[in-house]
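Structure below is protein10.pdb: PDB, C-alpha atoms and all ligand atoms.
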ATOM      1  CA  MET A  21      15.143 -17.142 -22.248  1.00  0.00           C
ATOM      2  CA  ARG A  22      13.812 -20.400 -20.903  1.00  0.00           C
ATOM      3  CA  THR A  23      11.915 -22.783 -23.101  1.00  0.00           C
ATOM      4  CA  HIS A  24       8.218 -23.115 -22.516  1.00  0.00           C
ATOM      5  CA  ASP A  25       7.906 -26.811 -23.187  1.00  0.00           C
ATOM      6  CA  ARG A  26       8.621 -27.564 -19.513  1.00  0.00           C
ATOM      7  CA  LEU A  27       6.619 -26.457 -16.489  1.00  0.00           C
ATOM      8  CA  ARG A  28       8.396 -25.016 -13.463  1.00  0.00           C
ATOM      9  CA  ILE A  29       6.813 -25.262  -9.999  1.00  0.00           C
ATOM     10  CA  ALA A  30       8.116 -23.257  -7.020  1.00  0.00           C
ATOM     11  CA  ILE A  31       7.807 -24.880  -3.603  1.00  0.00           C
ATOM     12  CA  GLN A  32       9.219 -24.041  -0.181  1.00  0.00           C
ATOM     13  CA  LYS A  33      12.820 -25.200   0.176  1.00  0.00           C
ATOM     14  CA  SER A  34      12.576 -26.095   3.841  1.00  0.00           C
ATOM     15  CA  GLY A  35       9.714 -25.518   6.210  1.00  0.00           C
ATOM     16  CA  ARG A  36       6.203 -26.626   6.984  1.00  0.00           C
ATOM     17  CA  LEU A  37       5.047 -26.816   3.375  1.00  0.00           C
ATOM     18  CA  SER A  38       8.087 -28.578   1.874  1.00  0.00           C
ATOM     19  CA  ASP A  39       7.434 -32.235   2.651  1.00  0.00           C
ATOM     20  CA  PRO A  40       3.665 -32.183   2.082  1.00  0.00           C
ATOM     21  CA  ALA A  41       4.163 -30.396  -1.268  1.00  0.00           C
ATOM     22  CA  ARG A  42       6.788 -32.909  -2.390  1.00  0.00           C
ATOM     23  CA  ASP A  43       4.659 -35.851  -1.213  1.00  0.00           C
ATOM     24  CA  LEU A  44       1.665 -34.575  -3.153  1.00  0.00           C
ATOM     25  CA  LEU A  45       3.695 -34.139  -6.348  1.00  0.00           C
ATOM     26  CA  ALA A  46       5.241 -37.602  -5.902  1.00  0.00           C
ATOM     27  CA  ARG A  47       1.785 -39.149  -5.507  1.00  0.00           C
ATOM     28  CA  ALA A  48       0.774 -37.392  -8.726  1.00  0.00           C
ATOM     29  CA  GLY A  49       3.550 -39.354 -10.432  1.00  0.00           C
ATOM     30  CA  LEU A  50       6.285 -36.704 -10.591  1.00  0.00           C
ATOM     31  CA  SER A  51       9.879 -37.665  -9.882  1.00  0.00           C
ATOM     32  CA  PHE A  52      12.945 -35.450  -9.835  1.00  0.00           C
ATOM     33  CA  ARG A  53      16.694 -35.449 -10.026  1.00  0.00           C
ATOM     34  CA  GLU A  54      18.152 -32.933  -7.577  1.00  0.00           C
ATOM     35  CA  SER A  55      20.879 -30.542  -8.612  1.00  0.00           C
ATOM     36  CA  ARG A  56      23.938 -30.213  -6.419  1.00  0.00           C
ATOM     37  CA  ASP A  57      22.890 -26.829  -5.003  1.00  0.00           C
ATOM     38  CA  ARG A  58      19.468 -28.299  -4.171  1.00  0.00           C
ATOM     39  CA  LEU A  59      17.672 -25.267  -5.549  1.00  0.00           C
ATOM     40  CA  PHE A  60      16.500 -26.847  -8.761  1.00  0.00           C
ATOM     41  CA  CYS A  61      15.079 -30.329  -9.303  1.00  0.00           C
ATOM     42  CA  TYR A  62      14.874 -31.633 -12.835  1.00  0.00           C
ATOM     43  CA  GLY A  63      11.687 -33.516 -13.668  1.00  0.00           C
ATOM     44  CA  GLU A  64      12.467 -37.064 -14.776  1.00  0.00           C
ATOM     45  CA  SER A  65       9.062 -38.680 -15.241  1.00  0.00           C
ATOM     46  CA  LEU A  66       7.487 -35.597 -16.854  1.00  0.00           C
ATOM     47  CA  PRO A  67       8.774 -32.241 -18.165  1.00  0.00           C
ATOM     48  CA  ILE A  68       7.887 -30.582 -14.859  1.00  0.00           C
ATOM     49  CA  ASP A  69      10.740 -29.111 -12.774  1.00  0.00           C
ATOM     50  CA  LEU A  70      10.904 -27.781  -9.220  1.00  0.00           C
ATOM     51  CA  LEU A  71      12.454 -24.626  -7.853  1.00  0.00           C
ATOM     52  CA  LEU A  72      13.106 -24.688  -4.096  1.00  0.00           C
ATOM     53  CA  VAL A  73      12.790 -21.226  -2.554  1.00  0.00           C
ATOM     54  CA  ARG A  74      11.551 -19.278   0.486  1.00  0.00           C
ATOM     55  CA  ASP A  75       7.780 -19.359   0.618  1.00  0.00           C
ATOM     56  CA  ASP A  76       7.565 -15.553   0.645  1.00  0.00           C
ATOM     57  CA  ASP A  77       9.298 -15.386  -2.744  1.00  0.00           C
ATOM     58  CA  ILE A  78       6.809 -17.644  -4.512  1.00  0.00           C
ATOM     59  CA  PRO A  79       4.062 -15.149  -5.473  1.00  0.00           C
ATOM     60  CA  GLY A  80       6.688 -12.727  -6.816  1.00  0.00           C
ATOM     61  CA  LEU A  81       8.382 -15.444  -8.870  1.00  0.00           C
ATOM     62  CA  ILE A  82       5.042 -16.272 -10.463  1.00  0.00           C
ATOM     63  CA  ALA A  83       4.256 -12.583 -11.057  1.00  0.00           C
ATOM     64  CA  GLU A  84       7.617 -12.178 -12.836  1.00  0.00           C
ATOM     65  CA  GLY A  85       7.154 -15.327 -14.875  1.00  0.00           C
ATOM     66  CA  ALA A  86      10.251 -16.938 -13.343  1.00  0.00           C
ATOM     67  CA  CYS A  87       8.014 -19.856 -12.289  1.00  0.00           C
ATOM     68  CA  ASP A  88       4.789 -21.185 -13.739  1.00  0.00           C
ATOM     69  CA  LEU A  89       3.054 -22.571 -10.660  1.00  0.00           C
ATOM     70  CA  GLY A  90       3.702 -22.447  -6.923  1.00  0.00           C
ATOM     71  CA  VAL A  91       2.649 -23.934  -3.605  1.00  0.00           C
ATOM     72  CA  VAL A  92       2.210 -21.311  -0.895  1.00  0.00           C
ATOM     73  CA  GLY A  93       0.050 -20.595   2.154  1.00  0.00           C
ATOM     74  CA  GLY A  94      -3.089 -18.522   1.658  1.00  0.00           C
ATOM     75  CA  ASN A  95      -1.757 -16.184   4.341  1.00  0.00           C
ATOM     76  CA  VAL A  96       1.335 -15.295   2.273  1.00  0.00           C
ATOM     77  CA  LEU A  97      -0.602 -15.163  -0.991  1.00  0.00           C
ATOM     78  CA  GLU A  98      -3.352 -12.866   0.329  1.00  0.00           C
ATOM     79  CA  GLU A  99      -0.872 -10.554   2.053  1.00  0.00           C
ATOM     80  CA  GLN A 100       1.100 -10.119  -1.155  1.00  0.00           C
ATOM     81  CA  ALA A 101      -2.046  -9.750  -3.268  1.00  0.00           C
ATOM     82  CA  CYS A 102      -3.201  -6.920  -0.953  1.00  0.00           C
ATOM     83  CA  GLU A 103       0.240  -5.343  -1.145  1.00  0.00           C
ATOM     84  CA  ARG A 104       0.140  -5.355  -4.951  1.00  0.00           C
ATOM     85  CA  LEU A 105      -3.315  -3.805  -4.850  1.00  0.00           C
ATOM     86  CA  ALA A 106      -2.171  -1.105  -2.406  1.00  0.00           C
ATOM     87  CA  ASP A 107       0.836  -0.280  -4.633  1.00  0.00           C
ATOM     88  CA  GLY A 108      -1.350  -0.010  -7.715  1.00  0.00           C
ATOM     89  CA  ARG A 109       0.266  -3.057  -9.336  1.00  0.00           C
ATOM     90  CA  GLY A 110      -2.166  -5.271 -11.188  1.00  0.00           C
ATOM     91  CA  GLU A 111      -3.325  -8.729 -10.177  1.00  0.00           C
ATOM     92  CA  ALA A 112      -0.625 -11.174 -11.288  1.00  0.00           C
ATOM     93  CA  PHE A 113      -1.362 -14.502  -9.607  1.00  0.00           C
ATOM     94  CA  ARG A 114      -4.367 -16.439  -8.379  1.00  0.00           C
ATOM     95  CA  PRO A 115      -5.034 -19.602  -6.373  1.00  0.00           C
ATOM     96  CA  ILE A 116      -6.277 -22.501  -8.500  1.00  0.00           C
ATOM     97  CA  ARG A 117      -6.519 -25.337  -5.938  1.00  0.00           C
ATOM     98  CA  GLU A 118      -6.766 -25.739  -2.176  1.00  0.00           C
ATOM     99  CA  LEU A 119      -4.274 -28.459  -1.264  1.00  0.00           C
ATOM    100  CA  GLY A 120      -5.587 -29.439   2.177  1.00  0.00           C
ATOM    101  CA  PHE A 121      -2.351 -29.153   4.165  1.00  0.00           C
ATOM    102  CA  GLY A 122      -0.569 -26.317   6.003  1.00  0.00           C
ATOM    103  CA  ARG A 123      -3.790 -25.342   7.715  1.00  0.00           C
ATOM    104  CA  CYS A 124      -3.550 -22.391  10.079  1.00  0.00           C
ATOM    105  CA  ARG A 125      -5.246 -19.077  10.729  1.00  0.00           C
ATOM    106  CA  LEU A 126      -4.213 -15.454  11.046  1.00  0.00           C
ATOM    107  CA  SER A 127      -5.589 -14.237  14.346  1.00  0.00           C
ATOM    108  CA  VAL A 128      -5.519 -11.360  16.764  1.00  0.00           C
ATOM    109  CA  ALA A 129      -4.339 -12.275  20.256  1.00  0.00           C
ATOM    110  CA  VAL A 130      -4.244 -10.221  23.437  1.00  0.00           C
ATOM    111  CA  PRO A 131      -2.871 -10.790  26.954  1.00  0.00           C
ATOM    112  CA  ASN A 132      -4.791 -13.485  28.883  1.00  0.00           C
ATOM    113  CA  ASP A 133      -5.884 -11.103  31.603  1.00  0.00           C
ATOM    114  CA  TRP A 134      -7.647  -8.672  29.252  1.00  0.00           C
ATOM    115  CA  GLU A 135     -11.379  -8.561  29.184  1.00  0.00           C
ATOM    116  CA  TRP A 136     -12.179  -8.814  25.465  1.00  0.00           C
ATOM    117  CA  THR A 137     -15.102  -6.588  24.593  1.00  0.00           C
ATOM    118  CA  GLY A 138     -14.618  -6.688  20.813  1.00  0.00           C
ATOM    119  CA  PRO A 139     -12.346  -5.158  18.161  1.00  0.00           C
ATOM    120  CA  GLN A 140     -12.897  -1.623  19.553  1.00  0.00           C
ATOM    121  CA  ARG A 141     -10.803  -2.775  22.500  1.00  0.00           C
ATOM    122  CA  LEU A 142      -7.780  -2.367  20.154  1.00  0.00           C
ATOM    123  CA  ALA A 143      -8.437   1.308  19.339  1.00  0.00           C
ATOM    124  CA  GLY A 144      -5.327   3.443  19.689  1.00  0.00           C
ATOM    125  CA  LEU A 145      -3.133   0.488  20.679  1.00  0.00           C
ATOM    126  CA  ARG A 146      -0.046  -1.014  19.031  1.00  0.00           C
ATOM    127  CA  ILE A 147      -0.442  -4.396  17.327  1.00  0.00           C
ATOM    128  CA  ALA A 148       2.623  -6.389  16.281  1.00  0.00           C
ATOM    129  CA  THR A 149       2.377  -8.399  13.057  1.00  0.00           C
ATOM    130  CA  SER A 150       4.191  -9.774  10.010  1.00  0.00           C
ATOM    131  CA  TYR A 151       0.991  -9.303   7.996  1.00  0.00           C
ATOM    132  CA  PRO A 152       0.476  -5.512   7.851  1.00  0.00           C
ATOM    133  CA  GLN A 153      -1.815  -5.565   4.810  1.00  0.00           C
ATOM    134  CA  LEU A 154      -4.235  -8.203   6.076  1.00  0.00           C
ATOM    135  CA  MET A 155      -4.271  -6.633   9.511  1.00  0.00           C
ATOM    136  CA  ALA A 156      -4.948  -3.142   8.104  1.00  0.00           C
ATOM    137  CA  ARG A 157      -7.765  -4.531   5.954  1.00  0.00           C
ATOM    138  CA  TRP A 158      -9.402  -6.184   8.960  1.00  0.00           C
ATOM    139  CA  LEU A 159      -9.024  -3.072  11.135  1.00  0.00           C
ATOM    140  CA  ARG A 160     -10.630  -0.985   8.371  1.00  0.00           C
ATOM    141  CA  GLU A 161     -13.529  -3.435   8.135  1.00  0.00           C
ATOM    142  CA  GLN A 162     -13.986  -3.208  11.909  1.00  0.00           C
ATOM    143  CA  GLY A 163     -13.732   0.594  11.847  1.00  0.00           C
ATOM    144  CA  VAL A 164     -10.866   0.493  14.343  1.00  0.00           C
ATOM    145  CA  GLU A 165      -7.747   2.652  14.249  1.00  0.00           C
ATOM    146  CA  ALA A 166      -4.643   1.084  15.730  1.00  0.00           C
ATOM    147  CA  THR A 167      -0.903   1.338  15.160  1.00  0.00           C
ATOM    148  CA  PRO A 168       0.785  -1.549  13.315  1.00  0.00           C
ATOM    149  CA  VAL A 169       4.202  -2.629  14.578  1.00  0.00           C
ATOM    150  CA  MET A 170       5.912  -4.581  11.804  1.00  0.00           C
ATOM    151  CA  LEU A 171       8.013  -7.542  12.977  1.00  0.00           C
ATOM    152  CA  SER A 172       9.306 -10.266  10.693  1.00  0.00           C
ATOM    153  CA  GLY A 173       9.537 -12.932  13.396  1.00  0.00           C
ATOM    154  CA  SER A 174       8.868 -13.732  17.071  1.00  0.00           C
ATOM    155  CA  VAL A 175       5.744 -11.589  16.967  1.00  0.00           C
ATOM    156  CA  GLU A 176       4.293 -13.367  20.011  1.00  0.00           C
ATOM    157  CA  ILE A 177       6.904 -11.966  22.388  1.00  0.00           C
ATOM    158  CA  ALA A 178       6.224  -8.336  21.409  1.00  0.00           C
ATOM    159  CA  PRO A 179       3.739  -7.679  24.258  1.00  0.00           C
ATOM    160  CA  ARG A 180       6.156  -9.027  26.882  1.00  0.00           C
ATOM    161  CA  LEU A 181       8.914  -6.835  25.439  1.00  0.00           C
ATOM    162  CA  GLY A 182       6.667  -3.781  25.664  1.00  0.00           C
ATOM    163  CA  LYS A 183       6.755  -3.308  21.874  1.00  0.00           C
ATOM    164  CA  ALA A 184       3.011  -3.744  21.385  1.00  0.00           C
ATOM    165  CA  GLU A 185      -0.163  -4.356  23.373  1.00  0.00           C
ATOM    166  CA  ALA A 186      -1.591  -7.042  21.071  1.00  0.00           C
ATOM    167  CA  ILE A 187      -0.476  -9.218  18.168  1.00  0.00           C
ATOM    168  CA  CYS A 188      -1.826 -10.455  14.839  1.00  0.00           C
ATOM    169  CA  ASP A 189      -0.070 -13.690  13.919  1.00  0.00           C
ATOM    170  CA  ILE A 190      -0.354 -17.209  12.494  1.00  0.00           C
ATOM    171  CA  VAL A 191      -1.910 -19.726  14.876  1.00  0.00           C
ATOM    172  CA  SER A 192      -2.359 -23.456  14.413  1.00  0.00           C
ATOM    173  CA  THR A 193      -2.599 -25.240  17.750  1.00  0.00           C
ATOM    174  CA  GLY A 194      -2.506 -22.171  19.979  1.00  0.00           C
ATOM    175  CA  GLY A 195       0.427 -23.578  21.963  1.00  0.00           C
ATOM    176  CA  THR A 196       2.725 -20.647  21.188  1.00  0.00           C
ATOM    177  CA  LEU A 197       0.084 -18.164  22.280  1.00  0.00           C
ATOM    178  CA  MET A 198      -0.482 -20.022  25.528  1.00  0.00           C
ATOM    179  CA  ALA A 199       3.254 -20.142  26.227  1.00  0.00           C
ATOM    180  CA  ASN A 200       3.302 -16.365  25.896  1.00  0.00           C
ATOM    181  CA  GLN A 201       0.221 -15.747  28.073  1.00  0.00           C
ATOM    182  CA  LEU A 202      -1.847 -14.607  25.109  1.00  0.00           C
ATOM    183  CA  LYS A 203      -5.373 -15.558  24.049  1.00  0.00           C
ATOM    184  CA  GLU A 204      -6.857 -15.648  20.563  1.00  0.00           C
ATOM    185  CA  VAL A 205      -9.777 -13.230  20.237  1.00  0.00           C
ATOM    186  CA  ALA A 206     -10.465 -12.855  16.499  1.00  0.00           C
ATOM    187  CA  VAL A 207      -9.703 -14.861  13.357  1.00  0.00           C
ATOM    188  CA  ILE A 208      -8.763 -12.645  10.405  1.00  0.00           C
ATOM    189  CA  LEU A 209      -8.052 -15.331   7.796  1.00  0.00           C
ATOM    190  CA  GLU A 210      -8.381 -19.124   7.557  1.00  0.00           C
ATOM    191  CA  SER A 211      -5.453 -20.466   5.589  1.00  0.00           C
ATOM    192  CA  GLN A 212      -4.123 -23.607   3.915  1.00  0.00           C
ATOM    193  CA  ALA A 213      -1.587 -24.394   1.215  1.00  0.00           C
ATOM    194  CA  LEU A 214      -2.717 -23.312  -2.255  1.00  0.00           C
ATOM    195  CA  LEU A 215      -1.609 -24.114  -5.767  1.00  0.00           C
ATOM    196  CA  VAL A 216      -1.018 -20.763  -7.422  1.00  0.00           C
ATOM    197  CA  ALA A 217      -0.905 -19.828 -11.109  1.00  0.00           C
ATOM    198  CA  PRO A 218      -0.381 -16.594 -13.044  1.00  0.00           C
ATOM    199  CA  SER A 219      -3.564 -14.604 -13.690  1.00  0.00           C
ATOM    200  CA  GLN A 220      -2.860 -14.776 -17.425  1.00  0.00           C
ATOM    201  CA  PRO A 221      -3.312 -18.232 -18.980  1.00  0.00           C
ATOM    202  CA  PHE A 222      -0.271 -19.928 -20.536  1.00  0.00           C
ATOM    203  CA  GLY A 223      -0.306 -19.431 -24.275  1.00  0.00           C
ATOM    204  CA  ASP A 224       1.987 -22.363 -25.120  1.00  0.00           C
ATOM    205  CA  GLU A 225       2.807 -25.994 -24.276  1.00  0.00           C
ATOM    206  CA  ARG A 226       2.699 -25.211 -20.588  1.00  0.00           C
ATOM    207  CA  ALA A 227      -1.114 -25.007 -20.735  1.00  0.00           C
ATOM    208  CA  GLU A 228      -1.320 -28.724 -21.606  1.00  0.00           C
ATOM    209  CA  LEU A 229       1.212 -29.669 -18.948  1.00  0.00           C
ATOM    210  CA  ALA A 230      -0.602 -27.651 -16.289  1.00  0.00           C
ATOM    211  CA  ALA A 231      -3.948 -29.214 -17.256  1.00  0.00           C
ATOM    212  CA  MET A 232      -2.451 -32.697 -17.000  1.00  0.00           C
ATOM    213  CA  LEU A 233      -0.902 -31.926 -13.627  1.00  0.00           C
ATOM    214  CA  LEU A 234      -4.241 -30.620 -12.333  1.00  0.00           C
ATOM    215  CA  ARG A 235      -6.045 -33.771 -13.483  1.00  0.00           C
ATOM    216  CA  ARG A 236      -3.513 -35.891 -11.615  1.00  0.00           C
ATOM    217  CA  LEU A 237      -3.613 -33.717  -8.480  1.00  0.00           C
ATOM    218  CA  ASP A 238      -7.397 -33.778  -8.428  1.00  0.00           C
ATOM    219  CA  ALA A 239      -7.377 -37.568  -8.706  1.00  0.00           C
ATOM    220  CA  VAL A 240      -4.830 -37.941  -5.903  1.00  0.00           C
ATOM    221  CA  MET A 241      -6.591 -35.451  -3.640  1.00  0.00           C
ATOM    222  CA  SER A 242     -10.022 -37.021  -4.157  1.00  0.00           C
ATOM    223  CA  VAL A 243      -8.642 -40.358  -2.958  1.00  0.00           C
ATOM    224  CA  ARG A 244      -7.281 -38.783   0.199  1.00  0.00           C
ATOM    225  CA  ALA A 245     -10.423 -36.753   0.936  1.00  0.00           C
TER     226      ALA A 245
HETATM  227  P1  LIG B   1      10.775 -19.582   4.794  1.00  0.00           P
HETATM  228  O1  LIG B   1      12.173 -19.800   5.225  1.00  0.00           O
HETATM  229  O2  LIG B   1      10.418 -20.405   3.581  1.00  0.00           O
HETATM  230  O3  LIG B   1      10.390 -18.135   4.645  1.00  0.00           O
HETATM  231  P2  LIG B   1       8.829 -19.579   7.012  1.00  0.00           P
HETATM  232  O4  LIG B   1       9.468 -19.519   8.334  1.00  0.00           O
HETATM  233  O5  LIG B   1       8.175 -18.364   6.444  1.00  0.00           O
HETATM  234  O6  LIG B   1       9.881 -20.206   5.966  1.00  0.00           O
HETATM  235  P3  LIG B   1       7.124 -21.858   7.841  1.00  0.00           P
HETATM  236  O7  LIG B   1       7.175 -21.598   9.293  1.00  0.00           O
HETATM  237  O8  LIG B   1       7.699 -23.142   7.324  1.00  0.00           O
HETATM  238  O9  LIG B   1       7.710 -20.684   6.943  1.00  0.00           O
HETATM  239  O10 LIG B   1       5.594 -21.745   7.400  1.00  0.00           O
HETATM  240  C1  LIG B   1       5.213 -21.878   6.066  1.00  0.00           C
HETATM  241  C2  LIG B   1       3.703 -21.769   6.006  1.00  0.00           C
HETATM  242  O11 LIG B   1       3.108 -22.853   6.736  1.00  0.00           O
HETATM  243  C3  LIG B   1       3.069 -20.543   6.613  1.00  0.00           C
HETATM  244  O12 LIG B   1       3.135 -19.409   5.767  1.00  0.00           O
HETATM  245  C4  LIG B   1       1.632 -21.012   6.806  1.00  0.00           C
HETATM  246  O13 LIG B   1       0.910 -20.917   5.587  1.00  0.00           O
HETATM  247  C5  LIG B   1       1.797 -22.489   7.145  1.00  0.00           C
HETATM  248  N1  LIG B   1       1.614 -22.825   8.581  1.00  0.00           N
HETATM  249  C6  LIG B   1       0.868 -23.833   9.064  1.00  0.00           C
HETATM  250  N2  LIG B   1       0.912 -23.886  10.398  1.00  0.00           N
HETATM  251  C7  LIG B   1       1.698 -22.897  10.810  1.00  0.00           C
HETATM  252  C8  LIG B   1       2.137 -22.442  12.093  1.00  0.00           C
HETATM  253  N3  LIG B   1       1.773 -23.009  13.222  1.00  0.00           N
HETATM  254  N4  LIG B   1       2.987 -21.390  12.126  1.00  0.00           N
HETATM  255  C9  LIG B   1       3.407 -20.806  10.991  1.00  0.00           C
HETATM  256  N5  LIG B   1       3.008 -21.196   9.759  1.00  0.00           N
HETATM  257  C10 LIG B   1       2.160 -22.224   9.653  1.00  0.00           C
HETATM  258 ZN    ZN B   2       8.556 -17.348   4.882  1.00  0.00          ZN
END
Can you dump the structure from the file as C-alpha cells?
Amino acid sequence: MRTHDRLRIAIQKSGRLSDPARDLLARAGLSFRESRDRLFCYGESLPIDLLLVRDDDIPGLIAEGACDLGVVGGNVLEEQACERLADGRGEAFRPIRELGFGRCRLSVAVPNDWEWTGPQRLAGLRIATSYPQLMARWLREQGVEATPVMLSGSVEIAPRLGKAEAICDIVSTGGTLMANQLKEVAVILESQALLVAPSQPFGDERAELAAMLLRRLDAVMSVRA
C-alpha cells in the first residue's frame, strides 16, 4: 500500500510529450532524482514523484489508482474513455487542464486522386486506424457504415498495401499524409496534451498537493500564454 502523503504523476517515458511535460513541471518548481531504471523519479523539491510510462498506459494507471495525475494526449484519453463507456465500465478519469503542447488532430484521409464528396464517400469501404472507438463514434454521427481495420502503427501505408481504402490517423503538419499520397478530408478530434485526474476527488493529503500543483501550473502557463 503506498502512502498518500505524496503525489504521483505519470508522464510519457520517451516520445513527443516527454520533454514538454518535464519542462512544464520544472518551471512549476518541481525537481526530481531519477532512479537507476529510469521509470520512477523521486520528487526532491516537493513530495511529488514521477512515473515514466507509455502514454497509452496513463489513463489506465489513473483508473486503477496506481498514479494520481497524468499527462496524456486528448486523442488517447478520449479513445480510452469511449472504450470504457462501450465496455460498460464507469467513468474513471477526467481532464483537468489543457497544457498547450502536443497539438495534433485525428483526421480522415483518402488518396489524393479521390473526389471527396463528403463522409458518405466512405460507405462500405475499409478504413485503417489506431483509434477504433473515436472513428466508430464519428461514423455513427455521420450515419455512415464502413469497416474498421485496426492497425497499431504505420496506418498511413495501409491504402498502398491494399489493406484499406482510407485512413483515420493523427495529423500535425500533414507531411506524412503527403508523403503517402493522401489528403486530409475531415477532422474528427482536435487534440493537445491534457493534465488528467481521477473522476473521484482525493480524500487525503493528495488533494492539497494537487491544488498547489495546479496553482503553480496555472501561474506558469499564464506567463507563457
Ligand atoms: P509510446 O511509446 O509512449 O506509446 P507513441 O508512439 O504512442 O509513444 P508519440 O508518437 O510520442 O507516442 O505521441 C504521443 C502523443 O503526441 C500522441 O498521442 C499525440 O497526442 C501527440 N502528437 C502530437 N503530434 C503528433 C504527431 N504528428 N503524430 C503523433 N502524435 C502526435
Ligand atoms: Zn503510445
Record the distance separating atom O11 of ligand LIG 1 (chain B) and atom CA of A:Leu215, expressed in Å with one decimal. 13.4 Å
Once the PyMOL selection byres (((not hetatm)) within 8 of (chain B and resi 1)) is applied to the coordinates I shared, what remains selected? I want it as a list in words. Gln32, Lys33, Ser34, Gly35, Arg36, Leu37, Ser38, Val73, Arg74, Asp75, Asp76, Asp77, Val92, Gly93, Gly94, Asn95, Val96, Phe121, Gly122, Arg123, Cys124, Arg125, Ile190, Val191, Ser192, Thr193, Ser211, Gln212 and Ala213 of chain A
Residues selected by the PyMOL selection byres (((chain A and resi 56-60) around 8) and not hetatm), written as a PyMOL selection string: chain A and resi 33+54-55+61-62+69-73
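Residues near the point (1.9, -24.6, -4.3), at a distance of 7 Å or less over only C-alpha atoms, make up Ala30, Ile31, Ala41, Leu89, Gly90, Val91, Val92, Ala213, Leu214, Leu215 and Val216 of chain A.
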Could those selected residues go to a file with C-alpha atoms, as a compact mmCIF listing (two decimals), in the frame of the given file?
# COMPACT_ATOMS: atom_id res chain seq x y z
CA ALA A 30 8.12 -23.26 -7.02
CA ILE A 31 7.81 -24.88 -3.60
CA ALA A 41 4.16 -30.40 -1.27
CA LEU A 89 3.05 -22.57 -10.66
CA GLY A 90 3.70 -22.45 -6.92
CA VAL A 91 2.65 -23.93 -3.60
CA VAL A 92 2.21 -21.31 -0.90
CA ALA A 213 -1.59 -24.39 1.22
CA LEU A 214 -2.72 -23.31 -2.26
CA LEU A 215 -1.61 -24.11 -5.77
CA VAL A 216 -1.02 -20.76 -7.42
Can you turn the PyMOL selection byres (((chain A and resi 86) around 10) and not hetatm) into a concrete residue list for this file, as a ChimeraX atom specification? /A:22,28-30,71,78,80-85,87-89
Is it possible to get the residues within 8 Å of (-4.9, -11.3, 25.0) (coordinates as in the file, counting all atoms listed in the file) written as a PyMOL selection string? chain A and resi 129-134+136+186+201-205
Between A:Tyr151, A:Trp158, A:Phe52, A:Phe222, which is the closest to ligand ZN 2 (chain B) once you count only C-alpha atoms and all ligand atoms? A:Tyr151
What is the distance, in Å and to one decimal place, between atom CA of A:Phe113 and atom CA of A:Leu237? 19.4 Å
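Look at A:Gly223: the protein and nucleic acid residues within 12 Å of it, using all atoms listed in the file and passing over chain neighbours fewer than 6 places away, are His24, Asp25, Asp88, Leu229 and Ala230 of chain A.
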Which of these residues is nearest to A:Ala239, using all atoms listed in the file: A:Pro115, A:Gly194, A:Gly49, A:Pro79?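 Residue with the minimum atom-to-atom distance to A:Ala239: A:Gly49.
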With all atoms listed in the file as the atoms that count, which of A:Leu27, A:Met170, A:Ala106, A:Leu97 lies nearest to A:Gly63?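 Comparing A:Leu27, A:Met170, A:Ala106, A:Leu97 against A:Gly63, the winner is A:Leu27.
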Taking the partial coordinates given, rebuild stretch 186-199 of chain A to contain N, CA and C atoms; return it as a compact mmCIF listing (two decimals), in the coordinates of the input.
# COMPACT_ATOMS: atom_id res chain seq x y z
N ALA A 186 -0.93 -5.85 21.61
CA ALA A 186 -1.59 -7.04 21.07
C ALA A 186 -0.78 -7.52 19.88
N ILE A 187 -1.16 -8.70 19.35
CA ILE A 187 -0.48 -9.22 18.17
C ILE A 187 -1.49 -9.72 17.14
N CYS A 188 -1.02 -9.85 15.91
CA CYS A 188 -1.83 -10.46 14.84
C CYS A 188 -0.87 -11.41 14.15
N ASP A 189 -1.08 -12.72 14.36
CA ASP A 189 -0.07 -13.69 13.92
C ASP A 189 -0.72 -15.01 13.50
N ILE A 190 0.10 -15.88 12.92
CA ILE A 190 -0.35 -17.21 12.49
C ILE A 190 -0.50 -18.12 13.71
N VAL A 191 -1.63 -18.81 13.78
CA VAL A 191 -1.91 -19.73 14.88
C VAL A 191 -2.30 -21.07 14.25
N SER A 192 -1.78 -22.17 14.83
CA SER A 192 -2.36 -23.46 14.41
C SER A 192 -2.91 -24.19 15.62
N THR A 193 -2.06 -24.55 16.57
CA THR A 193 -2.60 -25.24 17.75
C THR A 193 -2.93 -24.26 18.89
N GLY A 194 -2.30 -23.11 18.88
CA GLY A 194 -2.51 -22.17 19.98
C GLY A 194 -1.46 -22.32 21.08
N GLY A 195 -0.59 -23.32 20.94
CA GLY A 195 0.43 -23.58 21.96
C GLY A 195 1.39 -22.41 22.18
N THR A 196 1.79 -21.77 21.08
CA THR A 196 2.72 -20.65 21.19
C THR A 196 2.07 -19.47 21.91
N LEU A 197 0.80 -19.25 21.61
CA LEU A 197 0.08 -18.16 22.28
C LEU A 197 0.04 -18.43 23.78
N MET A 198 -0.34 -19.67 24.11
CA MET A 198 -0.48 -20.02 25.53
C MET A 198 0.84 -19.84 26.26
N ALA A 199 1.93 -20.26 25.61
CA ALA A 199 3.25 -20.14 26.23
C ALA A 199 3.63 -18.69 26.46
